[in-house]
Amino acid sequence: MEYQIQRGTYDAYDEEALNLKKLEEIFSSIASTYGYNYIKTPTYEQTELFTRSVGESSDIVNKEMFTFLDKGGRNISLRPELTAGVMRAIVTNKLYARDLPLKNFYCGNVFRYERPQQGRYREFLQFGVECVGINNYFHDVETISLGYKSLKFVGFSHLILKINTLGDESSRENYKIALRDYFKDKISCMCPDCQRRFETNVLRILDCKVEEDQKIIKDAPKINSYLSQEAKDYFQNVLDLLDEQSIEYVIDDTLVRGLDYYSQVVFEYHYIASDGTNLGAIGAGGHYDNLLSDVGGPKLSSVGFAFGLERINALLKIIEGEKYEKPNIDLYIIHLGEETKQYSFLLMQELREAFFKVDMCLEEKSIKSQLKLAIRKNAKFALIIGSEEMQKNCFNLKNLNTQEQIEISYENLIDKLDEVIGLGDYEDEK
RNA sequence: GCGACCGUGGUGAAGUGGUUAACACAUCUGGCUGUGAACCAGACAUGCGUGAGUUCGAUUCUCAUCGAUCGCCCCA
């Protein structure tokens, strides 16, 4: 009986695992330059935390959560996103009493029980940030631009930033009433999904892709006419400040997010690969005013976003093609003859102490096989040690890219490796 | 949750109701016992996602199930 991997999950190994991990490192370090600190919260929380925060009308909570009773009878859910947990942590630890805003970034696995598709898993990784505590459009822009620049940095040269405003609470309520009013007598001839949305969340009707419905939606009232002057100014300030930084955006007034907690500005990052692959949003976020108070803390405005690491990784693989980074080592030691094995092994351990990435084959194999192994391990250099070399304490160092080979003494080995491998790294970065 | 399509070795894949499941790449061994190639000779699926059924006989037909992919829904 062979065990099967669970639906919607995947194993990452080799370059995929390497690059996923690298993405986390890069995003983390860029977030640090923006003054964000790492926060880690539990993988599961009380179910109610999510129904309260993400929203009972949202599909995520409604039908996509992994929910169960633990042995103590507690109602538990695997996190479908990380914002709610971060908010809870802020309340639990009374972090809101510190200097505001609180700026945290996170990276972790989240769970949603959905039908799997390309770029969509039931357990996937999110990297995100939350800036909590101050209602100031500068923070919105700071956050949007952090996401934007991070994505640019890892290789998305032509990003699409979609942005919209949902207005403040009263603007949004008025707008919803207007929408209901508009769709009231038309809804019966719209698609079943829209009819459902009409009841649960009118805003989402704007998202509908059915052609017939689009015609009706086109003439629906626009949020713009229902925004309070304050909300309009807020949004305009955000746009102006984005312009100042030459961050390009597209205003998309049909952009409404699926999580219930957003207000004011919302945004999504998109990328369409040259081969047409479109994985949907690779990152998305927005401003929210009531989440912290919904979870039992003070009422503080916040803004945040989350990236989907698998989607980002999949697109980068297409963009970078051959250059997509593979695991590698610095040096592969090739030993010839029984008596050189131990000598080589000890040398290898010594080099590892100096933080070189070194490996060797501990079986007896022909030089041919060992060279092939070196290639397969993606080694930069091979160090060939035969009994003659062992006697003389002198080896052959072969550059596996250029095939050049030099003779080098034991004394000079580490210096030479420093020089030659350091150089290799430098060239890689260029 | 709904619809479509698919599932053969490490990989890409051909194929048939019936004794040895083609071909290619990769890998291993030897020819060549110290340098990644080429060439030559061998090796490599007790098996065709899983389970059941039809049949004298199924990888090939039927059903179920699991899984991938795509569309819808939703989302990162």
# chains A, B, ... in the order shown; residues from 1 in each chain; ligands from 1
call {"tool": "interface_residues", "arguments": {"of": "chain B", "to": "chain A", "cutoff": "9 Å", "atoms": "only C-alpha atoms (C1' of nucleotides)", "output": "ChimeraX atom specification"}}
result
/B:1,33-36,66-70,73-76
call {"tool": "write_last_selection", "arguments": {"atoms": "N, CA and C atoms (P, O5', C5', C4', C3', O3' and C1' of nucleotides)", "output": "compact mmCIF listing (two decimals), in the first residue's frame"}}
result
# COMPACT_ATOMS: atom_id res chain seq x y z
P G B 1 -17.39 18.11 -2.26
O5' G B 1 -18.29 19.15 -3.04
C5' G B 1 -19.66 19.29 -2.64
C4' G B 1 -20.31 20.27 -3.56
C3' G B 1 -20.14 20.01 -5.05
O3' G B 1 -21.02 19.01 -5.51
C1' G B 1 -19.81 22.32 -4.60
P U B 33 40.61 1.62 -18.21
O5' U B 33 40.04 1.14 -16.84
C5' U B 33 39.25 1.80 -15.95
C4' U B 33 39.87 1.52 -14.64
C3' U B 33 41.18 2.30 -14.46
O3' U B 33 40.83 3.48 -13.80
C1' U B 33 41.44 -0.03 -13.86
P G B 34 41.62 4.67 -13.64
O5' G B 34 41.11 5.29 -14.92
C5' G B 34 41.66 6.29 -15.64
C4' G B 34 41.80 7.62 -14.97
C3' G B 34 42.75 8.50 -15.76
O3' G B 34 41.95 9.47 -16.40
C1' G B 34 43.08 8.71 -13.42
P U B 35 41.68 9.63 -17.92
O5' U B 35 40.41 10.56 -18.02
C5' U B 35 39.16 10.09 -17.43
C4' U B 35 38.40 11.32 -17.06
C3' U B 35 38.57 12.40 -18.17
O3' U B 35 37.51 12.18 -19.11
C1' U B 35 38.98 13.28 -15.95
P G B 36 36.23 12.54 -19.64
O5' G B 36 35.10 12.88 -18.61
C5' G B 36 33.94 12.04 -18.49
C4' G B 36 32.80 12.90 -18.06
C3' G B 36 31.89 13.42 -19.17
O3' G B 36 30.71 12.66 -19.19
C1' G B 36 32.38 15.11 -17.58
P C B 66 -13.41 9.70 -3.99
O5' C B 66 -11.82 9.72 -4.19
C5' C B 66 -10.96 9.17 -3.20
C4' C B 66 -9.56 9.08 -3.73
C3' C B 66 -9.02 10.34 -4.37
O3' C B 66 -8.55 11.28 -3.42
C1' C B 66 -8.55 8.52 -5.77
P G B 67 -8.63 12.85 -3.77
O5' G B 67 -7.52 13.03 -4.90
C5' G B 67 -6.15 12.93 -4.58
C4' G B 67 -5.33 12.90 -5.83
C3' G B 67 -5.45 14.11 -6.74
O3' G B 67 -4.71 15.22 -6.29
C1' G B 67 -5.55 12.15 -8.04
P A B 68 -5.11 16.67 -6.79
O5' A B 68 -4.47 16.72 -8.24
C5' A B 68 -3.06 16.66 -8.40
C4' A B 68 -2.71 16.71 -9.86
C3' A B 68 -3.24 17.92 -10.61
O3' A B 68 -2.41 19.04 -10.44
C1' A B 68 -3.68 15.97 -11.85
P U B 69 -3.03 20.50 -10.52
O5' U B 69 -3.52 20.61 -12.03
C5' U B 69 -2.56 20.69 -13.09
C4' U B 69 -3.29 20.71 -14.40
C3' U B 69 -4.33 21.80 -14.55
O3' U B 69 -3.75 23.04 -14.93
C1' U B 69 -5.25 19.75 -15.29
P C B 70 -4.42 24.38 -14.45
O5' C B 70 -5.71 24.47 -15.37
C5' C B 70 -5.59 24.73 -16.77
C4' C B 70 -6.93 24.64 -17.43
C3' C B 70 -8.02 25.53 -16.85
O3' C B 70 -7.92 26.86 -17.29
C1' C B 70 -8.90 23.38 -17.25
P C B 73 -17.29 32.81 -12.24
O5' C B 73 -17.55 32.17 -10.81
C5' C B 73 -18.87 32.00 -10.32
C4' C B 73 -18.84 31.30 -8.99
C3' C B 73 -17.99 31.96 -7.92
O3' C B 73 -18.66 33.05 -7.29
C1' C B 73 -17.50 29.67 -7.98
P C B 74 -17.92 34.43 -7.17
O5' C B 74 -16.74 34.12 -6.15
C5' C B 74 -17.05 33.81 -4.79
C4' C B 74 -15.88 33.12 -4.15
C3' C B 74 -14.62 33.93 -3.97
O3' C B 74 -14.71 34.79 -2.85
C1' C B 74 -14.06 31.81 -4.81
P C B 75 -13.80 36.07 -2.74
O5' C B 75 -12.34 35.43 -2.81
C5' C B 75 -11.55 35.37 -1.64
C4' C B 75 -10.36 34.49 -1.87
C3' C B 75 -9.06 35.22 -2.14
O3' C B 75 -8.44 35.59 -0.92
C1' C B 75 -9.33 33.45 -3.70
P A B 76 -7.46 36.86 -0.89
O5' A B 76 -6.05 36.23 -1.28
C5' A B 76 -4.89 36.86 -0.82
C4' A B 76 -3.76 36.49 -1.74
C3' A B 76 -4.20 36.58 -3.18
O3' A B 76 -3.76 37.80 -3.73
C1' A B 76 -3.21 34.45 -2.71
call {"tool": "select_by_dssp", "arguments": {"residues": "stretch 338-407 of chain A", "states": "alpha helix (DSSP H)", "output": "MDAnalysis selection string"}}
result
chainID A and resid 338:353 367:376 387:392
call {"tool": "write_last_selection", "arguments": {"atoms": "N, CA and C atoms", "output": "compact mmCIF listing (two decimals), in the first residue's frame"}}
result
# COMPACT_ATOMS: atom_id res chain seq x y z
N GLU A 338 41.50 3.21 -2.82
CA GLU A 338 41.04 2.94 -1.47
C GLU A 338 41.70 3.84 -0.43
N GLU A 339 43.02 3.98 -0.56
CA GLU A 339 43.77 4.67 0.50
C GLU A 339 43.52 6.17 0.56
N THR A 340 42.93 6.71 -0.49
CA THR A 340 42.70 8.16 -0.47
C THR A 340 41.35 8.55 0.13
N LYS A 341 40.51 7.57 0.33
CA LYS A 341 39.14 7.90 0.75
C LYS A 341 39.12 8.61 2.11
N GLN A 342 39.79 8.00 3.08
CA GLN A 342 39.76 8.60 4.41
C GLN A 342 40.42 9.98 4.42
N TYR A 343 41.53 10.05 3.71
CA TYR A 343 42.24 11.32 3.59
C TYR A 343 41.30 12.39 3.02
N SER A 344 40.57 12.02 1.98
CA SER A 344 39.64 12.95 1.33
C SER A 344 38.51 13.33 2.27
N PHE A 345 38.05 12.33 2.99
CA PHE A 345 36.95 12.56 3.92
C PHE A 345 37.35 13.60 4.98
N LEU A 346 38.56 13.42 5.52
CA LEU A 346 39.01 14.35 6.55
C LEU A 346 39.22 15.75 5.98
N LEU A 347 39.72 15.81 4.77
CA LEU A 347 39.90 17.10 4.12
C LEU A 347 38.55 17.78 3.92
N MET A 348 37.58 16.98 3.51
CA MET A 348 36.23 17.53 3.29
C MET A 348 35.68 18.14 4.58
N GLN A 349 35.85 17.40 5.70
CA GLN A 349 35.35 17.92 6.97
C GLN A 349 36.03 19.24 7.33
N GLU A 350 37.30 19.32 7.02
CA GLU A 350 38.07 20.53 7.31
C GLU A 350 37.52 21.72 6.50
N LEU A 351 37.24 21.45 5.25
CA LEU A 351 36.73 22.52 4.38
C LEU A 351 35.33 22.96 4.82
N ARG A 352 34.57 22.01 5.32
CA ARG A 352 33.24 22.36 5.81
C ARG A 352 33.32 23.30 7.00
N GLU A 353 34.35 23.08 7.83
CA GLU A 353 34.56 23.99 8.97
C GLU A 353 34.75 25.42 8.49
N ILE A 367 36.54 7.41 -11.68
CA ILE A 367 36.64 8.87 -11.79
C ILE A 367 35.53 9.41 -12.68
N LYS A 368 35.19 8.64 -13.66
CA LYS A 368 34.14 9.03 -14.59
C LYS A 368 32.80 9.20 -13.87
N SER A 369 32.44 8.20 -13.09
CA SER A 369 31.18 8.28 -12.35
C SER A 369 31.21 9.44 -11.37
N GLN A 370 32.36 9.62 -10.73
CA GLN A 370 32.43 10.67 -9.72
C GLN A 370 32.31 12.05 -10.35
N LEU A 371 32.88 12.20 -11.51
CA LEU A 371 32.74 13.48 -12.21
C LEU A 371 31.27 13.73 -12.58
N LYS A 372 30.64 12.68 -13.01
CA LYS A 372 29.22 12.83 -13.36
C LYS A 372 28.42 13.24 -12.13
N LEU A 373 28.74 12.63 -11.00
CA LEU A 373 28.05 13.01 -9.77
C LEU A 373 28.27 14.48 -9.45
N ALA A 374 29.51 14.92 -9.64
CA ALA A 374 29.84 16.32 -9.36
C ALA A 374 28.97 17.24 -10.21
N ILE A 375 28.81 16.89 -11.47
CA ILE A 375 27.99 17.69 -12.38
C ILE A 375 26.54 17.70 -11.90
N ARG A 376 26.10 16.51 -11.53
CA ARG A 376 24.69 16.42 -11.14
C ARG A 376 24.40 17.17 -9.85
N SER A 387 46.43 8.88 -5.20
CA SER A 387 47.46 8.56 -4.21
C SER A 387 48.71 9.43 -4.40
N GLU A 388 48.98 9.76 -5.64
CA GLU A 388 50.14 10.63 -5.91
C GLU A 388 49.96 11.98 -5.25
N GLU A 389 48.76 12.58 -5.48
CA GLU A 389 48.46 13.88 -4.89
C GLU A 389 48.55 13.82 -3.37
N MET A 390 48.05 12.70 -2.84
CA MET A 390 48.02 12.56 -1.40
C MET A 390 49.44 12.62 -0.84
N GLN A 391 50.35 11.92 -1.48
CA GLN A 391 51.74 11.91 -1.05
C GLN A 391 52.31 13.33 -1.06
N LYS A 392 52.02 14.06 -2.11
CA LYS A 392 52.63 15.38 -2.30
C LYS A 392 51.84 16.49 -1.61
call {"tool": "select_by_dssp", "arguments": {"residues": "stretch 155-210 of chain A", "states": "strand (DSSP E or B)", "output": "list in words"}}
result
Ile160, Leu161, Lys162, Ile163, Asn164 and Thr165 of chain A
call {"tool": "residues_around", "arguments": {"residues": "stretch 320-324 of chain A", "least_positions_apart": "3", "cutoff": "12 Å", "atoms": "only C-alpha atoms (C1' of nucleotides)", "output": "list in words"}}
result
Asp14, Glu15, Glu16, Ala17, Leu18, Asn19, Leu20, Lys22, Val154, Gly155, Phe156, Ser157, Ala273, Ser274, Asp275, Ile312, Asn313, Ala314, Leu315, Leu316, Lys317, Pro327, Asp428 and Glu429 of chain A
call {"tool": "residues_around", "arguments": {"residues": "B:A58", "least_positions_apart": "3", "cutoff": "9 Å", "atoms": "only C-alpha atoms (C1' of nucleotides)", "output": "MDAnalysis selection string"}}
result
chainID B and resid 17 55 61
call {"tool": "write_last_selection", "arguments": {"atoms": "C-alpha atoms (C1' of nucleotides)", "output": "CSV table (one decimal), in the first residue's frame"}}
result
chain,number,residue,atom,x,y,z
B,17,G,C1',-9.5,-8.1,-25.6
B,55,U,C1',-14.8,-12.3,-20.0
B,61,C,C1',-14.5,-2.8,-22.1
call {"tool": "atom_distance", "arguments": {"atom1": "atom CA of A:Val266", "atom2": "atom CA of A:Asn237"}}
result
14.0 Å
call {"tool": "closest_residue", "arguments": {"among": "B:C63, B:A22, B:C28, B:A13", "to": "B:G42", "atoms": "only C-alpha atoms (C1' of nucleotides)"}}
result
B:C28
call {"tool": "atom_distance", "arguments": {"atom1": "atom CA of A:Leu203", "atom2": "atom CA of A:Phe50"}}
result
20.8 Å
call {"tool": "atom_distance", "arguments": {"atom1": "atom CA of A:Asp185", "atom2": "atom CA of A:Ser228"}}
result
27.0 Å
call {"tool": "residues_around", "arguments": {"residues": "B:G15", "least_positions_apart": "5", "cutoff": "10 Å", "atoms": "only C-alpha atoms (C1' of nucleotides)", "output": "JSON, numbers by chain"}}
result
{"B": [8, 21, 22, 59, 60]}
call {"tool": "residues_around", "arguments": {"residues": "B:A52", "least_positions_apart": "2", "cutoff": "12 Å", "atoms": "only C-alpha atoms (C1' of nucleotides)", "output": "ChimeraX atom specification"}}
result
/B:50,54,62-65
call {"tool": "write_last_selection", "arguments": {"atoms": "C-alpha atoms (C1' of nucleotides)", "output": "mmCIF file, in the first residue's frame"}}
result
data_model
loop_
_atom_site.group_PDB
_atom_site.id
_atom_site.type_symbol
_atom_site.label_atom_id
_atom_site.label_comp_id
_atom_site.auth_asym_id
_atom_site.auth_seq_id
_atom_site.Cartn_x
_atom_site.Cartn_y
_atom_site.Cartn_z
ATOM 1 C "C1'" U B 50 -6.599 2.091 -6.931
ATOM 2 C "C1'" U B 54 -17.829 -8.359 -17.661
ATOM 3 C "C1'" U B 62 -18.001 -1.229 -17.646
ATOM 4 C "C1'" C B 63 -18.675 0.886 -12.864
ATOM 5 C "C1'" A B 64 -16.828 3.027 -8.588
ATOM 6 C "C1'" U B 65 -12.934 5.515 -6.209
#
